[in-house]
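Worksheet: one structure, shown below.
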Amino acid sequence: MQPERYGRPVLIVTGSIRARSDTIDQVISLSLDHVRRSRQEPGCLLHSVHRDVEDPLRLVFLEHWQDAAALRVHFRVPASGAFVNEASAFADGPPEMAIFDAQPVSL
């Protein structure tokens, strides 16, 4: 979904993690559990994980949140922290994350 479909500003979170070749299946499993759980949280408008077609060991996350308060609550959910710690243990480096404040735009 695009931010303008919501009719109001949203927070967009992008993230990625690169697994080792021997741990990609574990990282995918952890990631799917995380996004499915996160979608149930109040204020979560979208939460997805995608495999990078140019680097099959890299998973990319896309999230849309209603507001900063909902995202702060998400970050404090113990399972969210556990996901980061567990996935990082299987990663080829530190995960990356960026947060954007998106405003609806009509072109």
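Labels for the structure tokens follow display order: chains A, B, ..., residues from 1 in each chain, ligands from 1.
Shell of His50 in chain A at 10 Å, with only C-alpha atoms counted and residues fewer than 5 places along the chain excluded, is Ser16, Ile28, Ser31, Leu32, Pro56, Arg58, Leu59, Val60, Phe61 and Leu62 of chain A.
Take CA of Asp52 in chain A and CA of Ser29 in chain A: the distance between them is 15.7 Å.
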Q) CA of Val49 in chain A and CA of Gly93 in chain A are how many Å apart? A) 17.9 Å
Q) So which residues touch Phe75 in chain A within 12 Å, counting only C-alpha atoms, skipping near sequence neighbours fewer than 5 positions away, as a PyMOL selection string? A) chain A and resi 13+34+38+41+44+65+68-70+80-84
**Q.** Near-Tyr6 in chain A list (10 Å; only C-alpha atoms; drop same-chain fewer than 5 positions) as a ChimeraX atom specification
**A.** /A:1,45,66,103-104
Based on the selection just made, write N, CA and C atoms of those residues as a PDB file, in the first residue's frame.
ATOM      1  N   MET A   1       0.835  -1.180   0.000  1.00  0.00           N
ATOM      2  CA  MET A   1       0.000   0.000   0.000  1.00  0.00           C
ATOM      3  C   MET A   1       0.884   1.249   0.000  1.00  0.00           C
ATOM      4  N   LEU A  45       0.160  -0.845   9.872  1.00  0.00           N
ATOM      5  CA  LEU A  45      -0.606  -0.790   8.632  1.00  0.00           C
ATOM      6  C   LEU A  45      -0.061  -1.761   7.589  1.00  0.00           C
ATOM      7  N   GLN A  66       1.067   3.675  11.814  1.00  0.00           N
ATOM      8  CA  GLN A  66       0.109   4.771  11.950  1.00  0.00           C
ATOM      9  C   GLN A  66       0.753   6.033  12.510  1.00  0.00           C
ATOM     10  N   GLN A 103       4.426  11.806   3.976  1.00  0.00           N
ATOM     11  CA  GLN A 103       3.228  12.606   3.825  1.00  0.00           C
ATOM     12  C   GLN A 103       2.522  12.189   2.530  1.00  0.00           C
ATOM     13  N   PRO A 104       1.195  12.165   2.524  1.00  0.00           N
ATOM     14  CA  PRO A 104       0.480  11.858   1.284  1.00  0.00           C
ATOM     15  C   PRO A 104       0.795  12.894   0.199  1.00  0.00           C
TER      16      PRO A 104
END
**Q.** All strand (DSSP E or B) positions in chain A, as a VMD selection string
**A.** chain A and resid 10 to 19 44 to 51 58 to 65 91 96 to 102
**Q.** Neighbour list for His47 in chain A as an MDAnalysis selection string, cut-off 6 Å, only C-alpha atoms, skip fewer than 4 positions in-chain
**A.** chainID A and resid 35 39 62:63
Given the selection you just returned, output its residues as a file containing N, CA and C atoms, formatted as a PDB file, in the first residue's frame.
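Okay, again.pdb is ready:
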ATOM      1  N   VAL A  35       7.144 -10.796  11.163  1.00  0.00           N
ATOM      2  CA  VAL A  35       6.206  -9.931  10.428  1.00  0.00           C
ATOM      3  C   VAL A  35       4.760 -10.355  10.674  1.00  0.00           C
ATOM      4  N   ARG A  39       2.113  -7.693  12.401  1.00  0.00           N
ATOM      5  CA  ARG A  39       0.902  -7.236  11.696  1.00  0.00           C
ATOM      6  C   ARG A  39      -0.307  -7.154  12.627  1.00  0.00           C
ATOM      7  N   LEU A  62       9.780  -4.008   4.986  1.00  0.00           N
ATOM      8  CA  LEU A  62       9.038  -2.779   4.736  1.00  0.00           C
ATOM      9  C   LEU A  62       7.887  -2.736   5.726  1.00  0.00           C
ATOM     10  N   GLU A  63       7.802  -1.620   6.441  1.00  0.00           N
ATOM     11  CA  GLU A  63       6.754  -1.455   7.454  1.00  0.00           C
ATOM     12  C   GLU A  63       6.110  -0.084   7.295  1.00  0.00           C
TER      13      GLU A  63
END
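Near Phe100 in chain A, within 10 Å and counting only C-alpha atoms, sit Val10, Leu11, Ile12, Val13, Thr14 and His64 of chain A, not including residues fewer than 6 positions from it in the same chain.
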Could those residues be written to a file, using C-alpha atoms, as a CSV table (one decimal), in the first residue's frame?
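Output file result_14.csv is given in full below:
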chain,number,residue,atom,x,y,z
A,10,VAL,CA,2.5,7.5,8.1
A,11,LEU,CA,5.9,6.3,9.3
A,12,ILE,CA,7.7,4.0,6.9
A,13,VAL,CA,10.4,1.8,8.2
A,14,THR,CA,12.9,0.0,5.9
A,64,HIS,CA,4.1,1.3,7.6
Q. Can you list every residue in chain A that DSSP puts in helix (DSSP H, G or I), as a ChimeraX atom specification?
A. /A:3-6,24-38,68-76,78-89
Using N, CA and C atoms, can you export the residues from the last selection as a CSV table (one decimal), in the first residue's frame?
chain,number,residue,atom,x,y,z
A,3,PRO,N,1.6,5.3,0.9
A,3,PRO,CA,1.2,6.1,2.0
A,3,PRO,C,0.0,7.0,1.7
A,4,GLU,N,-0.2,7.5,0.4
A,4,GLU,CA,-1.3,8.4,0.1
A,4,GLU,C,-2.7,7.6,0.2
A,5,ARG,N,-2.6,6.3,0.2
A,5,ARG,CA,-3.9,5.5,0.3
A,5,ARG,C,-4.4,5.6,1.8
A,6,TYR,N,-3.6,5.9,2.7
A,6,TYR,CA,-4.0,6.1,4.1
A,6,TYR,C,-4.7,7.4,4.4
A,24,ILE,N,20.5,-18.9,6.1
A,24,ILE,CA,19.4,-18.2,5.5
A,24,ILE,C,18.0,-18.7,5.8
A,25,ASP,N,17.9,-20.1,5.9
A,25,ASP,CA,16.6,-20.7,6.2
A,25,ASP,C,16.1,-20.3,7.6
A,26,GLN,N,17.0,-20.2,8.6
A,26,GLN,CA,16.6,-19.8,9.9
A,26,GLN,C,16.2,-18.3,10.0
A,27,VAL,N,16.9,-17.5,9.2
A,27,VAL,CA,16.6,-16.0,9.2
A,27,VAL,C,15.3,-15.8,8.5
A,28,ILE,N,15.0,-16.6,7.5
A,28,ILE,CA,13.7,-16.4,6.8
A,28,ILE,C,12.6,-16.9,7.8
A,29,SER,N,12.7,-18.0,8.5
A,29,SER,CA,11.7,-18.4,9.4
A,29,SER,C,11.5,-17.4,10.5
A,30,LEU,N,12.6,-16.9,11.1
A,30,LEU,CA,12.4,-15.9,12.2
A,30,LEU,C,11.7,-14.7,11.6
A,31,SER,N,12.1,-14.3,10.4
A,31,SER,CA,11.5,-13.1,9.8
A,31,SER,C,10.0,-13.2,9.6
A,32,LEU,N,9.6,-14.4,9.0
A,32,LEU,CA,8.2,-14.6,8.8
A,32,LEU,C,7.4,-14.6,10.1
A,33,ASP,N,7.9,-15.2,11.1
A,33,ASP,CA,7.3,-15.2,12.4
A,33,ASP,C,7.1,-13.7,12.9
A,34,HIS,N,8.2,-13.0,12.8
A,34,HIS,CA,8.2,-11.6,13.2
A,34,HIS,C,7.2,-10.7,12.5
A,35,VAL,N,7.1,-10.8,11.2
A,35,VAL,CA,6.2,-9.9,10.4
A,35,VAL,C,4.8,-10.4,10.7
A,36,ARG,N,4.5,-11.6,10.8
A,36,ARG,CA,3.1,-12.1,11.0
A,36,ARG,C,2.7,-11.7,12.4
A,37,ARG,N,3.5,-11.7,13.4
A,37,ARG,CA,3.2,-11.2,14.7
A,37,ARG,C,3.0,-9.7,14.7
A,38,SER,N,3.9,-9.0,14.1
A,38,SER,CA,3.9,-7.6,14.1
A,38,SER,C,2.6,-7.0,13.4
A,68,ALA,N,4.2,7.5,15.5
A,68,ALA,CA,5.4,7.3,16.2
A,68,ALA,C,5.1,6.5,17.5
A,69,ALA,N,4.0,6.8,18.1
A,69,ALA,CA,3.6,6.1,19.4
A,69,ALA,C,3.5,4.6,19.1
A,70,ALA,N,2.8,4.2,18.0
A,70,ALA,CA,2.6,2.8,17.7
A,70,ALA,C,4.0,2.1,17.4
A,71,LEU,N,4.8,2.8,16.7
A,71,LEU,CA,6.2,2.3,16.4
A,71,LEU,C,7.0,2.1,17.7
A,72,ARG,N,6.9,3.1,18.6
A,72,ARG,CA,7.6,3.0,19.9
A,72,ARG,C,7.1,1.7,20.7
A,73,VAL,N,5.8,1.5,20.7
A,73,VAL,CA,5.3,0.3,21.3
A,73,VAL,C,5.8,-0.9,20.7
A,74,HIS,N,5.9,-1.0,19.4
A,74,HIS,CA,6.4,-2.1,18.6
A,74,HIS,C,7.8,-2.4,19.0
A,75,PHE,N,8.6,-1.4,19.1
A,75,PHE,CA,10.0,-1.6,19.5
A,75,PHE,C,10.2,-2.1,20.9
A,76,ARG,N,9.2,-1.8,21.8
A,76,ARG,CA,9.3,-2.3,23.2
A,76,ARG,C,8.7,-3.7,23.4
A,78,PRO,N,8.7,-7.3,23.7
A,78,PRO,CA,9.8,-8.2,23.9
A,78,PRO,C,10.1,-9.1,22.7
A,79,ALA,N,9.1,-9.6,22.0
A,79,ALA,CA,9.3,-10.4,20.9
A,79,ALA,C,10.1,-9.7,19.7
A,80,SER,N,9.9,-8.4,19.6
A,80,SER,CA,10.6,-7.6,18.6
A,80,SER,C,12.1,-7.6,18.9
A,81,GLY,N,12.4,-7.3,20.2
A,81,GLY,CA,13.8,-7.3,20.6
A,81,GLY,C,14.4,-8.7,20.4
A,82,ALA,N,13.7,-9.7,20.8
A,82,ALA,CA,14.2,-11.1,20.6
A,82,ALA,C,14.5,-11.4,19.2
A,83,PHE,N,13.6,-11.0,18.3
A,83,PHE,CA,13.8,-11.2,16.8
A,83,PHE,C,15.1,-10.6,16.4
A,84,VAL,N,15.3,-9.3,16.7
A,84,VAL,CA,16.6,-8.6,16.3
A,84,VAL,C,17.8,-9.4,16.8
A,85,ASN,N,17.8,-9.8,18.1
A,85,ASN,CA,18.9,-10.5,18.7
A,85,ASN,C,19.1,-11.9,18.0
A,86,GLU,N,18.0,-12.6,17.8
A,86,GLU,CA,18.1,-14.0,17.2
A,86,GLU,C,18.6,-13.9,15.8
A,87,ALA,N,18.0,-13.0,15.0
A,87,ALA,CA,18.3,-12.9,13.6
A,87,ALA,C,19.8,-12.4,13.4
A,88,SER,N,20.2,-11.5,14.3
A,88,SER,CA,21.5,-10.9,14.2
A,88,SER,C,22.6,-12.0,14.5
A,89,ALA,N,22.2,-13.0,15.3
A,89,ALA,CA,23.2,-14.1,15.6
A,89,ALA,C,23.4,-14.9,14.3
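Distances to Ser21 in chain A were evaluated for A:Val53, A:Glu96, A:Val105, A:Ala91 using only C-alpha atoms, and the minimum falls at A:Ala91.
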Q: Have a look at A:Asp92, A:Asp101, A:Asp67, A:Asp55 and name the one nearest to Asp22 in chain A; count only C-alpha atoms.
A: A:Asp92
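For the set A:Pro42, A:Glu54, A:Val77, A:Arg18, the residue with the smallest atom-to-atom gap to Phe90 in chain A is A:Arg18, counting only C-alpha atoms.
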Q | Point-to-point distance from CA of Arg8 in chain A to CA of Ser106 in chain A, Å rounded to tenths | A | 12.1 Å
